[in-house]
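my_file_16.cif follows (mmCIF, C-alpha atoms):
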```cif
data_run
loop_
_atom_site.label_atom_id
_atom_site.label_comp_id
_atom_site.auth_asym_id
_atom_site.auth_seq_id
_atom_site.Cartn_x
_atom_site.Cartn_y
_atom_site.Cartn_z
CA MET A 1 -12.20 12.41 21.25
CA ARG A 2 -9.49 10.15 19.81
CA THR A 3 -12.13 8.12 17.99
CA SER A 4 -13.52 11.22 16.27
CA TRP A 5 -10.01 12.28 15.18
CA THR A 6 -9.32 8.79 13.88
CA GLY A 7 -12.60 8.91 11.97
CA ALA A 8 -11.78 12.34 10.57
CA CYS A 9 -8.35 11.15 9.44
CA ARG A 10 -9.86 8.10 7.79
CA ALA A 11 -12.45 10.26 6.06
CA ALA A 12 -9.73 12.60 4.77
CA LEU A 13 -7.70 9.67 3.44
CA ALA A 14 -10.82 8.15 1.87
CA ALA A 15 -11.56 11.48 0.16
CA ALA A 16 -7.99 11.60 -1.15
CA THR A 17 -8.39 8.04 -2.43
CA LEU A 18 -11.65 8.88 -4.19
CA LEU A 19 -10.17 11.99 -5.76
CA GLY A 20 -7.21 9.95 -6.99
CA ALA A 21 -9.55 7.28 -8.39
CA ALA A 22 -11.67 9.91 -10.14
CA ALA A 23 -8.56 11.37 -11.76
CA LEU A 24 -7.47 7.93 -12.94
CA VAL A 25 -10.87 6.99 -14.38
CA GLY A 26 -11.62 10.34 -16.08
CA CYS A 27 -13.24 10.18 -19.53
CA ASP A 28 -11.57 13.26 -21.04
CA ASP A 29 -9.49 12.49 -24.13
CA GLY A 30 -7.49 15.72 -23.77
CA PRO A 31 -3.89 16.02 -22.63
CA PRO A 32 -3.00 14.38 -19.31
CA ALA A 33 -3.76 16.46 -16.25
CA ALA A 34 -1.06 17.76 -13.95
CA PRO A 35 -0.48 15.65 -10.83
CA PRO A 36 -2.74 16.61 -7.94
CA PRO A 37 -1.18 19.11 -5.51
CA ASP A 38 -1.79 16.77 -2.56
CA ALA A 39 0.42 13.92 -3.83
CA GLU A 40 4.08 13.75 -4.59
CA PRO A 41 6.18 10.78 -5.63
CA VAL A 42 7.88 8.81 -2.91
CA ARG A 43 11.09 9.41 -4.91
CA GLY A 44 14.03 11.51 -3.81
CA ARG A 45 16.03 11.63 -0.64
CA ALA A 46 14.96 15.18 0.18
CA ALA A 47 11.26 14.38 -0.39
CA THR A 48 11.24 11.37 1.94
CA PRO A 49 11.54 12.00 5.67
CA THR A 50 13.36 9.72 8.09
CA THR A 51 10.97 10.40 10.98
CA GLY A 52 7.23 10.87 11.30
CA VAL A 53 4.38 9.24 9.42
CA LEU A 54 4.19 8.63 5.66
CA ASP A 55 0.63 8.57 4.32
CA LEU A 56 0.55 6.91 0.89
CA ILE A 57 -2.00 6.47 -1.87
CA CYS A 58 -1.34 3.34 -3.89
CA GLU A 59 -2.69 1.87 -7.14
CA LEU A 60 -2.44 -1.92 -6.77
CA HIS A 61 -3.17 -4.98 -8.88
CA LEU A 62 -2.64 -8.75 -8.66
CA ASP A 63 0.72 -10.04 -9.81
CA LEU A 64 0.03 -12.57 -12.58
CA ASP A 65 2.75 -14.99 -11.42
CA GLY A 66 1.41 -14.92 -7.85
CA GLN A 67 -2.13 -15.41 -9.08
CA VAL A 68 -1.07 -18.51 -11.03
CA ALA A 69 1.10 -19.87 -8.17
CA LEU A 70 -1.81 -19.67 -5.72
CA GLY A 71 -4.42 -20.89 -8.20
CA ILE A 72 -6.57 -17.76 -7.92
CA GLN A 73 -9.39 -17.85 -10.46
CA GLY A 74 -10.97 -14.76 -11.95
CA ASN A 75 -9.60 -11.33 -12.57
CA GLU A 76 -9.40 -8.68 -9.88
CA PRO A 77 -9.46 -5.10 -11.19
CA PRO A 78 -6.76 -2.67 -10.06
CA ARG A 79 -7.71 -0.72 -6.95
CA ILE A 80 -6.72 2.48 -5.22
CA THR A 81 -5.95 2.10 -1.53
CA ILE A 82 -4.16 3.85 1.31
CA ALA A 83 -1.10 2.79 3.26
CA GLN A 84 0.74 4.27 6.18
CA VAL A 85 4.28 3.83 7.47
CA ASP A 86 5.14 5.23 10.90
CA LEU A 87 8.90 5.68 10.95
CA ASP A 88 8.97 6.64 14.64
CA LYS A 89 6.96 3.62 15.85
CA GLY A 90 8.55 1.24 13.34
CA ALA A 91 5.20 0.00 12.02
CA GLY A 92 3.04 0.08 8.91
CA TRP A 93 -0.19 -1.11 7.29
CA TYR A 94 -2.29 -0.90 4.14
CA GLN A 95 -5.96 -1.49 3.32
CA GLY A 96 -7.28 -4.30 1.17
CA LYS A 97 -8.86 -7.74 1.10
CA LEU A 98 -5.62 -9.51 1.95
CA SER A 99 -3.58 -6.86 3.71
CA ILE A 100 -1.62 -5.88 6.79
CA SER A 101 -4.43 -3.99 8.48
CA GLU A 102 -4.26 -0.90 10.67
CA GLY A 103 -5.54 -2.90 13.65
CA ARG A 104 -2.68 -5.42 13.31
CA ALA A 105 0.13 -3.35 11.86
CA GLY A 106 3.37 -5.03 10.87
CA ALA A 107 6.92 -4.27 12.01
CA LEU A 108 8.93 -1.85 9.85
CA THR A 109 12.44 -2.54 8.62
CA VAL A 110 14.36 0.00 6.55
CA SER A 111 16.57 -1.71 4.00
CA GLY A 112 18.47 0.99 2.12
CA ARG A 113 15.87 2.97 0.20
CA LYS A 114 13.19 0.29 0.71
CA LEU A 115 10.62 0.33 3.52
CA VAL A 116 9.62 -3.25 4.42
CA VAL A 117 6.64 -4.00 6.68
CA ALA A 118 6.09 -7.61 7.79
CA ARG A 119 4.25 -9.66 10.37
CA PRO A 120 3.92 -13.34 11.16
CA ALA A 121 0.67 -15.00 10.13
CA LEU A 122 -0.98 -18.37 10.50
CA PHE A 123 -4.15 -18.72 8.45
CA GLN A 124 -5.55 -20.82 5.61
CA ARG A 125 -6.16 -19.17 2.23
CA PHE A 126 -5.89 -20.37 -1.37
CA GLY A 127 -5.68 -24.00 -0.22
CA THR A 128 -2.48 -23.48 1.78
CA THR A 129 -1.31 -22.06 5.10
CA ILE A 130 0.19 -18.57 5.05
CA THR A 131 2.93 -18.06 7.64
CA ARG A 132 4.08 -14.49 6.90
CA GLU A 133 2.74 -11.35 5.24
CA GLU A 134 4.99 -8.60 3.94
CA PHE A 135 4.85 -5.47 1.81
CA SER A 136 7.55 -3.10 0.69
CA VAL A 137 7.64 0.38 -0.79
CA ASP A 138 10.70 1.55 -2.71
CA ARG A 139 11.42 5.18 -1.81
CA ASP A 140 13.05 5.91 -5.17
CA SER A 141 10.47 4.46 -7.56
CA GLY A 142 7.33 4.24 -5.40
CA GLU A 143 7.07 0.53 -6.29
CA PHE A 144 4.79 -1.45 -3.94
CA VAL A 145 5.12 -5.25 -3.61
CA GLN A 146 3.10 -7.46 -1.27
CA SER A 147 4.21 -11.05 -0.77
CA LEU A 148 3.12 -14.06 1.25
CA THR A 149 5.30 -16.79 2.70
CA LEU A 150 3.62 -20.19 2.52
CA GLN A 151 3.90 -23.16 4.86
CA ASP A 152 6.20 -24.99 2.41
CA GLY A 153 8.69 -22.08 2.57
CA ARG A 154 7.87 -20.49 -0.81
CA THR A 155 7.45 -16.72 -1.02
CA VAL A 156 4.84 -15.58 -3.53
CA ARG A 157 4.48 -12.01 -4.81
CA LEU A 158 0.73 -11.49 -4.84
CA ILE A 159 0.13 -7.75 -5.26
CA LYS A 160 2.18 -5.02 -6.90
CA GLY A 161 1.70 -1.40 -7.84
CA THR A 162 2.87 2.16 -7.29
CA CYS A 163 2.49 4.55 -4.35
CA ALA A 164 2.69 8.33 -3.96
CA ARG A 165 3.03 10.24 -0.72
CA VAL A 166 0.15 12.41 0.48
CA THR A 167 1.62 15.70 1.61
CA ARG A 168 -1.58 17.49 2.63
CA PRO A 169 -5.33 16.84 2.57
CA PRO A 170 -7.17 17.71 -0.66
CA PHE A 171 -9.35 20.39 0.99
#
```
Just give me the structure of the file as structure tokens.
Amino acid sequence: MRTSWTGACRAALAAATLLGAAALVGCDDGPPAAPPPDAEPVRGRAATPTTGVLDLICELHLDLDGQVALGIQGNEPPRITIAQVDLDKGAGWYQGKLSISEGRAGALTVSGRKLVVARPALFQRFGTTITREEFSVDRDSGEFVQSLTLQDGRTVRLIKGTCARVTRPPF
């Protein structure tokens, strides 16, 4: 039963992601559309709870400085993805190629108005060993930043973007 609910939740979040992507890629040259009713900015103290689960839709892209620092060739297009921060459990994750996945969520730290999710790592990528993964979401601006700590102690910002909170499913 839990598996079917998990699948239904994932399907709902995927639908929200696709609807957000369709709105961003629209071909209409008319005036900008109103924000969808299912998303609200992460901004504002009243709009951001201190308990429960925050479901987020994020538009992310590679940080140019991080791309150069790690020697990543080619250009990755921006992508729409989902993230979740569980304030009660003190954990969080987001989807992507190089991400803190739902299956291995990171530990949450609240630093003022910033939610920081991190976990230790030990894997080879980009010709170096990565020892820590971290992402943060600023509650006031919705800014998303994902960074990696390398074996030599450097921290490299690899992905950045903006997130909005999903307040209800789009159906």
- Task: Counting all atoms listed in the file, select every polymer residue within 9 Å of (4.3, -3.6, -4.5) as defined in the file's coordinates, and provide the selection as an NGL selection string.
- Result: :A and (58 or 60-61 or 135-138 or 142-147 or 157-163)
- Find the residues around Ala91 of chain A up to 7 Å (all atoms listed in the file counted), leave out those fewer than 3 positions away in its own chain, and share them as a PyMOL selection string. chain A and resi 85-87+105-108+117
- Step by step, work through what the PyMOL selection byres ((chain A and resi 73-78) around 12) selects in the shown file, and finish by giving those residues as a ChimeraX atom specification. /A:21,24-25,58-64,66-72,79-81,96-97,126,158-162
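Interatomic distance, atom CA of Gln84 of chain A against atom CA of Arg132 of chain A: 19.1 Å.
Rounded to one decimal, atom CA of Lys114 of chain A and atom CA of Asp140 of chain A lie 8.1 Å from each other.
Among the candidates A:Thr167, A:Thr128, A:Ser141, A:Thr149, the residue lying nearest to Leu115 of chain A is A:Ser141 (atoms considered: only C-alpha atoms).
Counting from atom CA of Ser111 of chain A, the distance to atom CA of Ser99 of chain A is 20.8 Å.
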- So which residues get picked by the PyMOL selection byres ((chain A and resi 153) around 12) here, written as a PyMOL selection string? chain A and resi 128-132+148-152+154-156
- Within 7 Å of Ile57 of chain A using all atoms listed in the file, minus same-chain residues under 2 positions, as an MDAnalysis selection string: chainID A and resid 17 81:83 163:166
- Message: Expand the PyMOL selection byres ((chain A and resi 52) around 8) into the explicit residue set it covers here, and present it as a list of chain:residue names.
- Response: A:Pro49, A:Thr50, A:Thr51, A:Val53, A:Leu54, A:Asp86, A:Leu87, A:Asp88
Once you have the residues from the selection above, write them out as a short mmCIF file (atom, residue, chain, number, x, y, z; two decimals), in the frame of the given file, restricted to C-alpha atoms.
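In the end it all went to selection-v7.cif:
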```
data_model
loop_
_atom_site.label_atom_id
_atom_site.label_comp_id
_atom_site.auth_asym_id
_atom_site.auth_seq_id
_atom_site.Cartn_x
_atom_site.Cartn_y
_atom_site.Cartn_z
CA PRO A 49 11.54 12.00 5.67
CA THR A 50 13.36 9.72 8.09
CA THR A 51 10.97 10.40 10.98
CA VAL A 53 4.38 9.24 9.42
CA LEU A 54 4.19 8.63 5.66
CA ASP A 86 5.14 5.23 10.90
CA LEU A 87 8.90 5.68 10.95
CA ASP A 88 8.97 6.64 14.64
#
```
